[in-house]
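**Student:** model_10.txt (compact mmCIF, C-alpha atoms) pasted underneath:
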# COMPACT_ATOMS: atom_id res chain seq x y z
CA MET A 6 -4.07 -5.75 11.62
CA SER A 7 -3.41 -4.11 8.26
CA THR A 8 -5.87 -1.94 6.38
CA LEU A 9 -6.08 -4.49 3.61
CA THR A 10 -6.84 -7.31 6.04
CA ILE A 11 -9.68 -5.41 7.68
CA PHE A 12 -11.24 -4.42 4.39
CA ASN A 13 -11.04 -7.94 2.96
CA ALA A 14 -12.77 -9.55 5.91
CA ALA A 15 -14.66 -11.73 3.45
CA ARG A 16 -12.00 -13.29 1.26
CA PRO A 17 -12.74 -14.63 -2.21
CA THR A 18 -12.67 -18.30 -2.92
CA ALA A 19 -10.29 -19.61 -5.55
CA ALA A 20 -13.10 -19.54 -8.09
CA GLU A 21 -13.92 -15.91 -7.30
CA LYS A 22 -10.37 -14.58 -7.43
CA PRO A 23 -9.34 -12.81 -10.61
CA ALA A 24 -6.54 -14.30 -12.63
CA PRO A 25 -3.19 -13.32 -11.11
CA VAL A 26 -1.13 -10.67 -12.83
CA GLN A 27 2.09 -12.30 -13.94
CA GLN A 28 4.31 -9.25 -13.62
CA ALA A 29 3.46 -5.93 -12.01
CA ARG A 30 4.33 -2.80 -13.95
CA ALA A 31 5.80 0.41 -12.63
CA ILE A 32 3.32 2.82 -11.10
CA PRO A 33 1.97 4.87 -14.04
CA ALA A 34 2.50 8.61 -14.26
CA VAL A 35 -0.26 11.20 -14.16
CA VAL A 36 -0.86 13.86 -16.77
CA GLY A 37 0.22 17.25 -15.43
CA ALA A 38 2.86 15.95 -13.03
CA ASP A 39 5.14 18.75 -14.25
CA LEU A 40 2.53 21.51 -13.86
CA GLU A 41 3.91 24.78 -12.51
CA VAL A 42 1.74 27.40 -10.83
CA PRO A 43 2.37 31.01 -9.79
CA VAL A 44 2.76 32.02 -6.15
CA LYS A 45 3.06 35.44 -4.55
CA GLY A 46 5.93 37.39 -5.99
CA GLY A 47 5.44 35.91 -9.44
CA LYS A 48 7.60 32.85 -8.91
CA LEU A 49 6.57 29.55 -10.53
CA VAL A 50 6.66 26.40 -8.42
CA GLY A 51 5.73 22.79 -9.10
CA TYR A 52 2.10 22.21 -8.20
CA ALA A 53 1.53 20.08 -5.11
CA ASN A 54 -1.84 18.53 -5.88
CA LEU A 55 -3.31 17.30 -2.60
CA ASP A 56 -6.94 17.34 -3.74
CA TYR A 57 -7.30 13.83 -5.19
CA ALA A 58 -10.48 13.09 -3.23
CA ALA A 59 -12.29 15.78 -5.23
CA SER A 60 -10.95 14.79 -8.65
CA ALA A 61 -7.83 12.77 -9.40
CA PRO A 62 -5.57 13.70 -12.31
CA CYS A 63 -5.64 11.63 -15.47
CA LEU A 64 -3.30 8.66 -15.71
CA GLU A 65 -1.09 8.69 -18.78
CA PRO A 66 -2.37 5.23 -19.89
CA VAL A 67 -5.92 6.58 -19.67
CA SER A 68 -5.07 9.57 -21.82
CA ALA A 69 -3.39 7.24 -24.32
CA ALA A 70 -6.42 4.95 -24.48
CA VAL A 71 -8.74 7.87 -25.24
CA ALA A 72 -6.34 9.20 -27.89
CA ALA A 73 -6.21 5.76 -29.51
CA ALA A 74 -10.02 5.55 -29.64
CA LEU A 75 -10.60 8.99 -31.14
CA PRO A 76 -9.66 8.29 -34.79
CA ALA A 77 -12.39 5.65 -35.08
CA TYR A 78 -14.89 7.33 -32.74
CA SER A 79 -18.43 6.77 -33.97
CA SER A 80 -21.94 5.85 -32.83
CA VAL A 81 -22.52 2.75 -30.74
CA HIS A 82 -25.09 -0.06 -31.04
CA ARG A 83 -26.73 1.43 -34.15
CA GLY A 84 -24.24 1.58 -37.00
CA ALA A 85 -23.14 -1.01 -39.54
CA GLY A 86 -19.99 0.90 -40.52
CA TYR A 87 -16.56 -0.26 -39.44
CA ALA A 88 -15.92 2.70 -37.13
CA SER A 89 -19.29 2.21 -35.44
CA GLN A 90 -18.67 -1.50 -34.99
CA LEU A 91 -15.21 -0.86 -33.55
CA THR A 92 -16.47 1.83 -31.16
CA THR A 93 -19.30 -0.43 -30.03
CA ALA A 94 -16.82 -3.23 -29.36
CA ARG A 95 -14.63 -0.90 -27.32
CA TYR A 96 -17.62 0.36 -25.34
CA GLU A 97 -18.85 -3.14 -24.51
CA GLN A 98 -15.31 -4.27 -23.67
CA ALA A 99 -15.17 -1.40 -21.19
CA ARG A 100 -18.24 -2.88 -19.51
CA HIS A 101 -16.50 -6.26 -19.18
CA THR A 102 -13.35 -4.61 -17.84
CA VAL A 103 -15.24 -2.72 -15.13
CA ARG A 104 -17.14 -5.90 -14.22
CA ALA A 105 -13.86 -7.75 -13.67
CA PHE A 106 -12.29 -4.82 -11.80
CA VAL A 107 -14.94 -4.90 -9.06
CA GLY A 108 -15.27 -8.70 -8.98
CA ALA A 109 -18.91 -8.59 -10.04
CA ARG A 110 -21.08 -11.65 -10.50
CA THR A 111 -21.49 -12.84 -14.09
CA ASP A 112 -25.15 -11.80 -14.18
CA ASP A 113 -24.70 -8.36 -12.58
CA ALA A 114 -25.63 -5.29 -14.59
CA VAL A 115 -22.92 -2.72 -15.38
CA ILE A 116 -24.58 0.60 -16.20
CA PHE A 117 -22.47 3.58 -17.21
CA THR A 118 -23.54 6.84 -15.60
CA ARG A 119 -22.10 10.34 -15.26
CA ASN A 120 -20.72 9.82 -11.73
CA THR A 121 -21.56 8.32 -8.33
CA THR A 122 -24.37 10.82 -7.74
CA ASP A 123 -25.93 9.86 -11.05
CA ALA A 124 -25.59 6.17 -10.22
CA THR A 125 -27.28 6.42 -6.82
CA ASN A 126 -30.11 8.51 -8.25
CA LEU A 127 -30.58 5.91 -10.98
CA LEU A 128 -30.94 3.16 -8.38
CA ALA A 129 -33.28 5.35 -6.33
CA GLY A 130 -35.65 5.41 -9.29
CA CYS A 131 -35.64 1.62 -9.54
CA LEU A 132 -36.46 0.70 -5.96
CA PRO A 133 -39.54 -1.51 -5.62
CA GLU A 134 -42.61 0.29 -4.34
CA GLY A 135 -42.56 0.62 -0.57
CA THR A 136 -38.79 0.23 -0.20
CA THR A 137 -37.34 1.76 2.95
CA VAL A 138 -33.78 3.05 2.77
CA VAL A 139 -31.48 3.10 5.79
CA VAL A 140 -28.52 5.48 5.57
CA PHE A 141 -26.02 6.99 8.00
CA ASP A 142 -25.66 10.76 8.44
CA THR A 143 -21.96 10.28 7.73
CA GLU A 144 -22.60 9.81 4.01
CA HIS A 145 -21.60 12.03 1.10
CA HIS A 146 -24.65 13.85 -0.25
CA ALA A 147 -24.58 11.52 -3.29
CA SER A 148 -25.60 8.67 -0.99
CA LEU A 149 -27.57 10.68 1.55
CA LEU A 150 -30.02 12.68 -0.54
CA PRO A 151 -31.54 10.56 -3.37
CA TRP A 152 -33.91 8.68 -1.05
CA PRO A 153 -37.20 10.54 -0.34
CA ASP A 154 -38.14 8.77 2.90
CA ALA A 155 -34.93 7.40 4.36
CA VAL A 156 -34.29 6.25 7.90
CA ARG A 157 -31.21 8.27 8.85
CA LEU A 158 -28.87 6.91 11.49
CA ALA A 159 -26.62 9.03 13.69
CA PRO A 160 -22.83 8.84 13.28
CA PRO A 161 -21.71 5.69 15.14
CA ALA A 162 -19.07 6.00 17.85
CA PHE A 163 -17.20 2.89 16.65
CA PRO A 164 -17.52 0.35 13.81
CA GLY A 165 -19.39 -2.18 15.91
CA GLU A 166 -21.99 0.43 16.74
CA ALA A 167 -22.51 1.02 13.02
CA VAL A 168 -23.29 -2.66 12.57
CA ARG A 169 -25.58 -2.72 15.60
CA ALA A 170 -27.45 0.43 14.52
CA ALA A 171 -28.01 -0.99 11.05
CA ASP A 172 -29.13 -4.29 12.59
CA ASP A 173 -31.70 -2.57 14.82
CA ALA A 174 -33.01 -0.30 12.07
CA LEU A 175 -33.42 -3.06 9.49
CA ALA A 176 -35.08 -5.38 12.00
CA ALA A 177 -37.82 -2.80 12.58
CA ILE A 178 -38.71 -2.44 8.88
CA ASP A 179 -41.18 -4.55 6.93
CA GLY A 180 -41.16 -4.84 3.17
CA PRO A 181 -38.29 -4.17 0.76
CA LYS A 182 -35.32 -2.39 2.31
CA LEU A 183 -31.95 -1.06 1.23
CA LEU A 184 -28.94 -0.21 3.38
CA VAL A 185 -26.72 2.53 1.91
CA VAL A 186 -23.18 2.99 3.21
CA THR A 187 -19.84 4.35 2.13
CA ALA A 188 -16.79 2.10 1.84
CA ALA A 189 -14.32 4.87 2.69
CA SER A 190 -15.30 8.26 4.07
CA ASN A 191 -14.65 11.21 1.78
CA VAL A 192 -14.12 13.35 4.90
CA THR A 193 -11.83 11.26 7.11
CA GLY A 194 -10.74 8.46 4.77
CA GLU A 195 -11.80 5.90 7.38
CA LEU A 196 -12.80 2.47 6.09
CA TRP A 197 -16.25 1.18 6.95
CA PRO A 198 -17.04 -2.47 7.85
CA ILE A 199 -18.91 -3.13 4.62
CA ALA A 200 -18.60 -6.93 4.75
CA ALA A 201 -20.22 -7.02 8.21
CA LEU A 202 -22.89 -4.54 7.12
CA ALA A 203 -23.67 -6.62 4.03
CA HIS A 204 -24.08 -9.69 6.25
CA ILE A 205 -26.49 -7.82 8.53
CA ALA A 206 -28.46 -6.47 5.60
CA HIS A 207 -28.93 -9.89 4.05
CA ARG A 208 -29.87 -11.42 7.38
CA HIS A 209 -32.85 -9.07 7.41
CA GLY A 210 -33.74 -9.64 3.77
CA ALA A 211 -32.37 -6.24 2.77
CA ARG A 212 -29.95 -5.24 0.04
CA ILE A 213 -26.88 -3.05 0.36
CA LEU A 214 -25.55 -0.28 -1.87
CA VAL A 215 -21.93 0.70 -1.29
CA ASP A 216 -20.60 4.08 -2.35
CA ALA A 217 -17.12 3.05 -3.46
CA ALA A 218 -16.07 6.39 -4.94
CA GLN A 219 -13.28 6.93 -2.42
CA LEU A 220 -12.35 3.27 -2.12
CA VAL A 221 -11.60 2.13 -5.67
CA PRO A 222 -8.71 4.56 -6.26
CA HIS A 223 -6.97 3.20 -3.16
CA ARG A 224 -7.98 -0.42 -2.54
CA PRO A 225 -9.17 -3.45 -4.49
CA VAL A 226 -12.85 -4.31 -4.17
CA ASN A 227 -14.52 -7.64 -4.83
CA LEU A 228 -18.29 -7.33 -4.96
CA THR A 229 -18.77 -11.10 -5.04
CA ALA A 230 -16.46 -11.88 -2.13
CA LEU A 231 -17.92 -9.09 0.02
CA ASP A 232 -21.46 -10.15 -0.97
CA LEU A 233 -22.52 -6.65 -1.99
CA ASP A 234 -25.66 -6.05 -4.01
CA TYR A 235 -24.66 -2.75 -5.63
CA VAL A 236 -21.56 -0.58 -5.88
CA ALA A 237 -21.26 2.87 -7.43
CA PHE A 238 -18.19 4.95 -8.22
CA SER A 239 -16.89 7.76 -10.44
CA GLY A 240 -14.22 7.85 -13.10
CA HIS A 241 -13.06 11.34 -12.13
CA LYS A 242 -11.86 10.01 -8.79
CA LEU A 243 -10.27 6.97 -10.46
CA TYR A 244 -7.81 8.86 -12.69
CA ALA A 245 -10.31 8.90 -15.60
CA PRO A 246 -11.71 12.46 -15.70
CA PHE A 247 -13.84 12.03 -18.81
CA GLY A 248 -17.31 12.25 -17.29
CA ALA A 249 -18.24 8.61 -16.67
CA GLY A 250 -19.24 6.67 -13.58
CA VAL A 251 -20.84 3.30 -13.05
CA LEU A 252 -23.50 1.40 -11.14
CA VAL A 253 -22.83 -2.33 -10.82
CA GLY A 254 -25.21 -4.79 -9.24
CA ARG A 255 -28.19 -7.09 -9.32
CA ARG A 256 -30.34 -6.85 -12.43
CA ASP A 257 -33.86 -7.50 -11.18
CA TRP A 258 -34.60 -4.10 -9.61
CA LEU A 259 -32.83 -2.33 -12.45
CA SER A 260 -34.63 -4.27 -15.18
CA ALA A 261 -38.02 -3.60 -13.60
CA GLY A 262 -37.44 0.06 -12.69
CA THR A 263 -38.61 3.04 -14.72
CA PRO A 264 -36.02 3.85 -17.41
CA TYR A 265 -33.70 6.52 -16.04
CA LEU A 266 -33.83 8.46 -19.31
CA LYS A 267 -36.60 7.98 -21.85
CA GLY A 268 -35.29 8.02 -25.39
CA GLY A 269 -33.54 6.15 -28.16
CA GLY A 270 -31.78 2.96 -27.17
CA ALA A 271 -33.94 2.36 -24.11
CA VAL A 272 -36.82 1.04 -26.20
CA ARG A 273 -37.54 -2.07 -28.23
CA SER A 274 -40.31 -0.39 -30.24
CA VAL A 275 -42.40 2.75 -30.28
CA GLY A 276 -45.92 2.99 -31.68
CA GLU A 277 -49.25 3.55 -30.03
CA SER A 278 -47.52 2.14 -26.98
CA THR A 279 -43.85 1.94 -26.00
CA GLU A 280 -42.04 -1.30 -25.31
CA TRP A 281 -39.02 -0.65 -23.10
CA HIS A 282 -35.95 -2.85 -22.96
CA ASP A 283 -36.09 -5.30 -20.10
CA ASP A 284 -32.29 -5.59 -20.13
CA ALA A 285 -30.92 -3.23 -17.47
CA GLU A 286 -28.03 -1.75 -19.45
CA PRO A 287 -29.88 -0.46 -22.54
CA ARG A 288 -32.94 0.34 -20.41
CA HIS A 289 -30.97 2.96 -18.47
CA GLU A 290 -28.46 4.13 -21.08
CA ALA A 291 -30.75 5.99 -23.48
CA GLY A 292 -29.26 8.29 -26.08
CA THR A 293 -25.64 8.26 -27.21
CA PRO A 294 -23.60 7.26 -24.16
CA ASN A 295 -20.31 8.77 -23.03
CA VAL A 296 -18.24 6.28 -25.00
CA LEU A 297 -14.90 7.96 -24.35
CA GLY A 298 -15.71 8.22 -20.66
CA ALA A 299 -16.39 4.48 -20.49
CA ILE A 300 -13.18 3.70 -22.40
CA ALA A 301 -11.25 5.97 -20.03
CA LEU A 302 -12.78 4.35 -16.95
CA ALA A 303 -11.89 0.89 -18.22
CA ALA A 304 -8.35 2.02 -19.04
CA ALA A 305 -7.92 3.23 -15.47
CA CYS A 306 -9.16 -0.12 -14.16
CA ASP A 307 -6.70 -1.91 -16.46
CA ALA A 308 -3.80 0.33 -15.41
CA LEU A 309 -4.35 -0.20 -11.68
CA THR A 310 -4.81 -3.95 -12.11
CA ALA A 311 -1.66 -4.26 -14.22
CA THR A 312 0.36 -2.21 -11.75
CA GLY A 313 -0.72 -4.39 -8.85
CA TRP A 314 -2.10 -3.12 -5.56
CA THR A 315 0.94 -3.92 -3.40
CA PRO A 316 3.21 -1.10 -4.63
CA LEU A 317 0.30 1.34 -4.66
CA LEU A 318 -0.67 0.49 -1.09
CA ARG A 319 2.88 0.66 0.20
CA GLU A 320 3.50 4.09 -1.27
CA GLU A 321 0.17 5.47 -0.09
CA GLU A 322 0.61 4.16 3.44
CA ARG A 323 4.13 5.61 3.61
CA LEU A 324 2.98 9.05 2.48
CA ILE A 325 -0.19 9.24 4.53
CA ALA A 326 1.68 8.16 7.67
CA ARG A 327 4.25 10.89 7.03
CA LEU A 328 1.51 13.46 6.50
CA ARG A 329 -0.46 12.53 9.59
CA ALA A 330 2.66 12.46 11.75
CA GLY A 331 3.61 15.90 10.46
CA LEU A 332 0.17 17.33 11.18
CA ALA A 333 0.16 15.79 14.67
CA GLY A 334 3.40 17.64 15.45
CA ILE A 335 1.94 21.10 14.73
CA GLU A 336 0.31 22.84 17.66
CA GLY A 337 -3.16 24.09 16.76
CA VAL A 338 -3.77 21.60 13.94
CA ARG A 339 -6.49 19.04 14.70
CA GLU A 340 -7.20 16.03 12.49
CA LEU A 341 -10.85 15.02 12.17
CA SER A 342 -11.72 11.41 12.88
CA LEU A 343 -14.84 9.45 13.68
CA TRP A 344 -13.20 6.31 15.04
CA GLY A 345 -9.84 7.47 16.29
CA PRO A 346 -6.35 7.87 14.86
CA GLU A 347 -5.56 4.14 14.68
CA HIS A 348 -8.53 3.17 12.53
CA PRO A 349 -7.55 2.08 8.99
CA ARG A 350 -8.10 4.66 6.27
CA VAL A 351 -7.28 5.60 2.71
CA GLY A 352 -5.17 8.61 1.74
CA ILE A 353 -7.49 11.34 3.02
CA VAL A 354 -6.95 13.65 6.00
CA SER A 355 -9.22 16.52 7.08
CA PHE A 356 -8.17 19.01 9.72
CA THR A 357 -8.70 22.44 11.25
CA VAL A 358 -6.13 25.09 12.14
CA ASP A 359 -6.66 27.24 15.22
CA GLY A 360 -7.01 30.91 14.43
CA TYR A 361 -7.77 30.41 10.75
CA SER A 362 -10.89 29.60 8.79
CA ALA A 363 -10.65 26.67 6.41
CA ARG A 364 -10.89 29.02 3.43
CA GLU A 365 -8.05 31.19 4.75
CA VAL A 366 -5.83 28.13 5.10
CA ALA A 367 -6.64 26.81 1.63
CA GLU A 368 -6.10 30.21 -0.01
CA ALA A 369 -2.77 30.73 1.75
CA LEU A 370 -1.55 27.27 0.79
CA SER A 371 -2.43 27.95 -2.83
CA SER A 372 -1.23 31.53 -3.23
CA GLU A 373 1.96 31.27 -1.17
CA TYR A 374 3.07 27.65 -1.53
CA GLY A 375 1.52 26.25 -4.71
CA ILE A 376 -0.46 23.61 -2.80
CA GLY A 377 -3.97 22.54 -3.79
CA VAL A 378 -6.30 21.29 -1.04
CA ARG A 379 -10.06 21.34 -0.50
CA ASP A 380 -11.89 23.41 2.10
CA GLY A 381 -15.52 23.32 3.15
CA LYS A 382 -17.90 20.57 4.18
CA PHE A 383 -16.98 18.23 1.30
CA CYS A 384 -20.62 17.57 0.29
CA ALA A 385 -21.09 15.88 3.67
CA HIS A 386 -22.59 18.70 5.73
CA PRO A 387 -24.17 16.67 8.58
CA PHE A 388 -21.00 14.63 9.07
CA VAL A 389 -18.60 17.59 9.11
CA ARG A 390 -20.81 19.46 11.55
CA HIS A 391 -20.82 16.37 13.77
CA LEU A 392 -17.03 16.10 13.68
CA LEU A 393 -16.63 19.81 14.44
CA GLY A 394 -19.20 19.70 17.22
CA THR A 395 -21.37 22.41 15.71
CA ALA A 396 -24.81 22.53 14.18
CA ASP A 397 -24.51 25.96 12.60
CA GLY A 398 -22.85 27.21 9.45
CA GLY A 399 -24.21 27.20 5.94
CA CYS A 400 -22.41 25.81 2.92
CA GLU A 401 -20.46 29.05 2.42
CA ASP A 402 -19.96 29.72 6.13
CA ASP A 403 -16.36 29.12 7.22
CA THR A 404 -17.36 28.57 10.85
CA ALA A 405 -18.28 24.93 10.24
CA SER A 406 -15.70 23.91 7.67
CA ALA A 407 -12.41 22.04 7.49
CA VAL A 408 -9.41 21.58 5.22
CA ARG A 409 -8.91 18.29 3.40
CA ALA A 410 -5.63 16.98 2.00
CA SER A 411 -5.83 13.84 -0.13
CA ILE A 412 -3.15 11.88 -1.93
CA GLY A 413 -2.84 9.36 -4.72
CA ILE A 414 -0.70 8.31 -7.64
CA GLY A 415 1.54 11.27 -8.43
CA THR A 416 1.82 12.50 -4.84
CA THR A 417 5.43 12.83 -3.73
CA GLN A 418 7.18 13.13 -0.39
CA GLU A 419 8.08 16.69 -1.31
CA HIS A 420 4.37 17.53 -1.67
CA VAL A 421 3.66 16.16 1.79
CA ASP A 422 6.62 17.90 3.40
CA ARG A 423 5.72 21.19 1.69
CA LEU A 424 2.23 21.06 3.17
CA VAL A 425 3.49 20.30 6.67
CA GLY A 426 6.09 23.09 6.42
CA ALA A 427 3.53 25.57 5.12
CA LEU A 428 1.17 24.83 8.00
CA ARG A 429 4.02 25.30 10.49
CA ASP A 430 4.66 28.69 8.90
CA LEU A 431 1.00 29.67 9.14
CA VAL A 432 0.54 28.82 12.81
CA SER A 433 3.77 30.61 13.78
CA ARG A 434 2.67 33.96 12.33
Can you dump the structure from the file as structure tokens?
**Tutor:**
Amino acid sequence: MSTLTIFNAARPTAAEKPAPVQQARAIPAVVGADLEVPVKGGKLVGYANLDYAASAPCLEPVSAAVAAALPAYSSVHRGAGYASQLTTARYEQARHTVRAFVGARTDDAVIFTRNTTDATNLLAGCLPEGTTVVVFDTEHHASLLPWPDAVRLAPPAFPGEAVRAADDALAAIDGPKLLVVTAASNVTGELWPIAALAHIAHRHGARILVDAAQLVPHRPVNLTALDLDYVAFSGHKLYAPFGAGVLVGRRDWLSAGTPYLKGGGAVRSVGESTEWHDDAEPRHEAGTPNVLGAIALAAACDALTATGWTPLLREEERLIARLRAGLAGIEGVRELSLWGPEHPRVGIVSFTVDGYSAREVAEALSSEYGIGVRDGKFCAHPFVRHLLGTADGGCEDDTASAVRASIGIGTTQEHVDRLVGALRDLVSR
């Protein structure tokens, strides 16, 4: 079964499907594709960026959209001048674009935030009193830490166990409850059974928040078809590194929750008492928002939609298969996985190298080969320790860390082959 088939276990009806793209465009280029970096000896080499899971480079159409908006940049929602009206229109159009990109329901709120962490913390402040949150220890800290009294579940041995563990935990909870889960692991890239987990959550009267930060750059997502209550993701991982993220989902909790920031725009009137907006978007977007970030995020959504997912998926699957096969052929290199090598995943691979700390590997790849990867625990400390079979090691301690290579638009076969060759060189020393 293909990755796409597993992810889209709940398929949209004809009414839910977005309008088909008539003609796919070529895969867009990224800004900085021709970047050269120095290596030992003073030579310049083309940069092999294999750190997309941390922050993806900017797409050229995104850069162009921001440049086009700058001449008329002005305040939003408050000005009568032409530039203000135009900027407001662009900002609100960005909201509609993001709504369509994730297949949201027509009445869902779309709240612009700084990033995924900001979005999950915003929702945490809007939970009804007495809400119990259920979350797996496999989560990124953005999804693991905002909840003060969460029920934390151990890493499941297989996807069905994840569903069963969530089922058991939710069944034991009275009152409001929220299940929090990633769509694609930022450590292993493995896809989670979010459609099945959403079904279980709703069967127990719970809601589900999906951290889609690592999914949306690699796969389409349809909130309506998957029956998700909330999704959160970041622009900087979606080729829009201009400081915007988004929380999309049901309005009622958001409209009733304490305003995330208290200030101008979040209020209807201020006097002896304050009347807050009961509309979720203005209620939680106080102050001047990151207009250019929202425009950039929408431009990235437009660019991926116009390109079409088929060519993007084919190229990613070709490159990640080549990378994983190369790593598997190097003695002493071990890929990290929760559910085994055959489980579907996005373009993320984490691994260890015998005889080297993760930091030593990353520094050698950078200084000698012009390759950028990530090393550490990837803001998922409990999960990485579980995968490595160790409970020790602080954030800066190399003894419980790994190396992560991640790919995306702009990754080439030469980048992949350079990494594999460099690792062969390292282990043969």
**Student:** Taking all atoms listed in the file into account, which of A:Phe141, A:Tyr244, A:Tyr96, A:Tyr57 comes nearest Ala74 (chain A)?
**Tutor:**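 Once distances to Ala74 (chain A) are computed over all atoms listed in the file, the minimum belongs to A:Tyr96.
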**Student:** Find the distance between CA of Leu183 (chain A) and CA of His348 (chain A) and write it in Å to one decimal.
**Tutor:**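 Computed distance, CA of Leu183 (chain A) to CA of His348 (chain A), equals 26.3 Å.
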**Student:** List the spatial neighbours of Ala211 (chain A) as an NGL selection string - criterion: any atom at most 7 Å away, only C-alpha atoms, same-chain residues fewer than 2 positions off excluded.
**Tutor:** :A and (181-184 or 206-207 or 209 or 213)
**Student:** Within 10 Å of region 253-268 of chain A, counting all atoms listed in the file, which residues show up once you throw out same-chain ones fewer than 3 positions away? Write them as a ChimeraX atom specification, please.
**Tutor:** /A:100,103-104,107,109-110,112-117,123-124,126-134,212-214,228-229,233-238,271-272,281-293
**Student:** What is the CA of Asp173 (chain A) to CA of His386 (chain A) distance in Å?
**Tutor:**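 Separating CA of Asp173 (chain A) from CA of His386 (chain A) is a distance of 24.9 Å.
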**Student:** Interatomic distance between CA of Gln418 (chain A) and CA of Asp430 (chain A)?
**Tutor:** 18.3 Å
**Student:** Return the single residue from A:Val67, A:Gly298, A:Asp154, A:Ala363 that is closest to Ala249 (chain A), with distances computed using only C-alpha atoms.
**Tutor:**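 For Ala249 (chain A), the nearest of the candidates is A:Gly298.
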**Student:** Using only C-alpha atoms, can you tell me which of A:Pro349, A:Pro387, A:Gly377, A:Pro316 comes closest to Thr193 (chain A)?
**Tutor:**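 Nearest candidate to Thr193 (chain A) out of A:Pro349, A:Pro387, A:Gly377, A:Pro316: A:Pro349.
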**Student:** For Ser68 (chain A), which of A:Gly46, A:Thr143, A:Gly270, A:Gly37 is the closest residue, counting all atoms listed in the file?
**Tutor:**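 Nearest candidate to Ser68 (chain A) out of A:Gly46, A:Thr143, A:Gly270, A:Gly37: A:Gly37.
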**Student:** Can you tell me, as a PyMOL selection string, what residues are no more than 7 Å from Val358 (chain A) when counting only C-alpha atoms, ignoring any on the same chain fewer than 3 positions away?
**Tutor:** chain A and resi 337-339+361
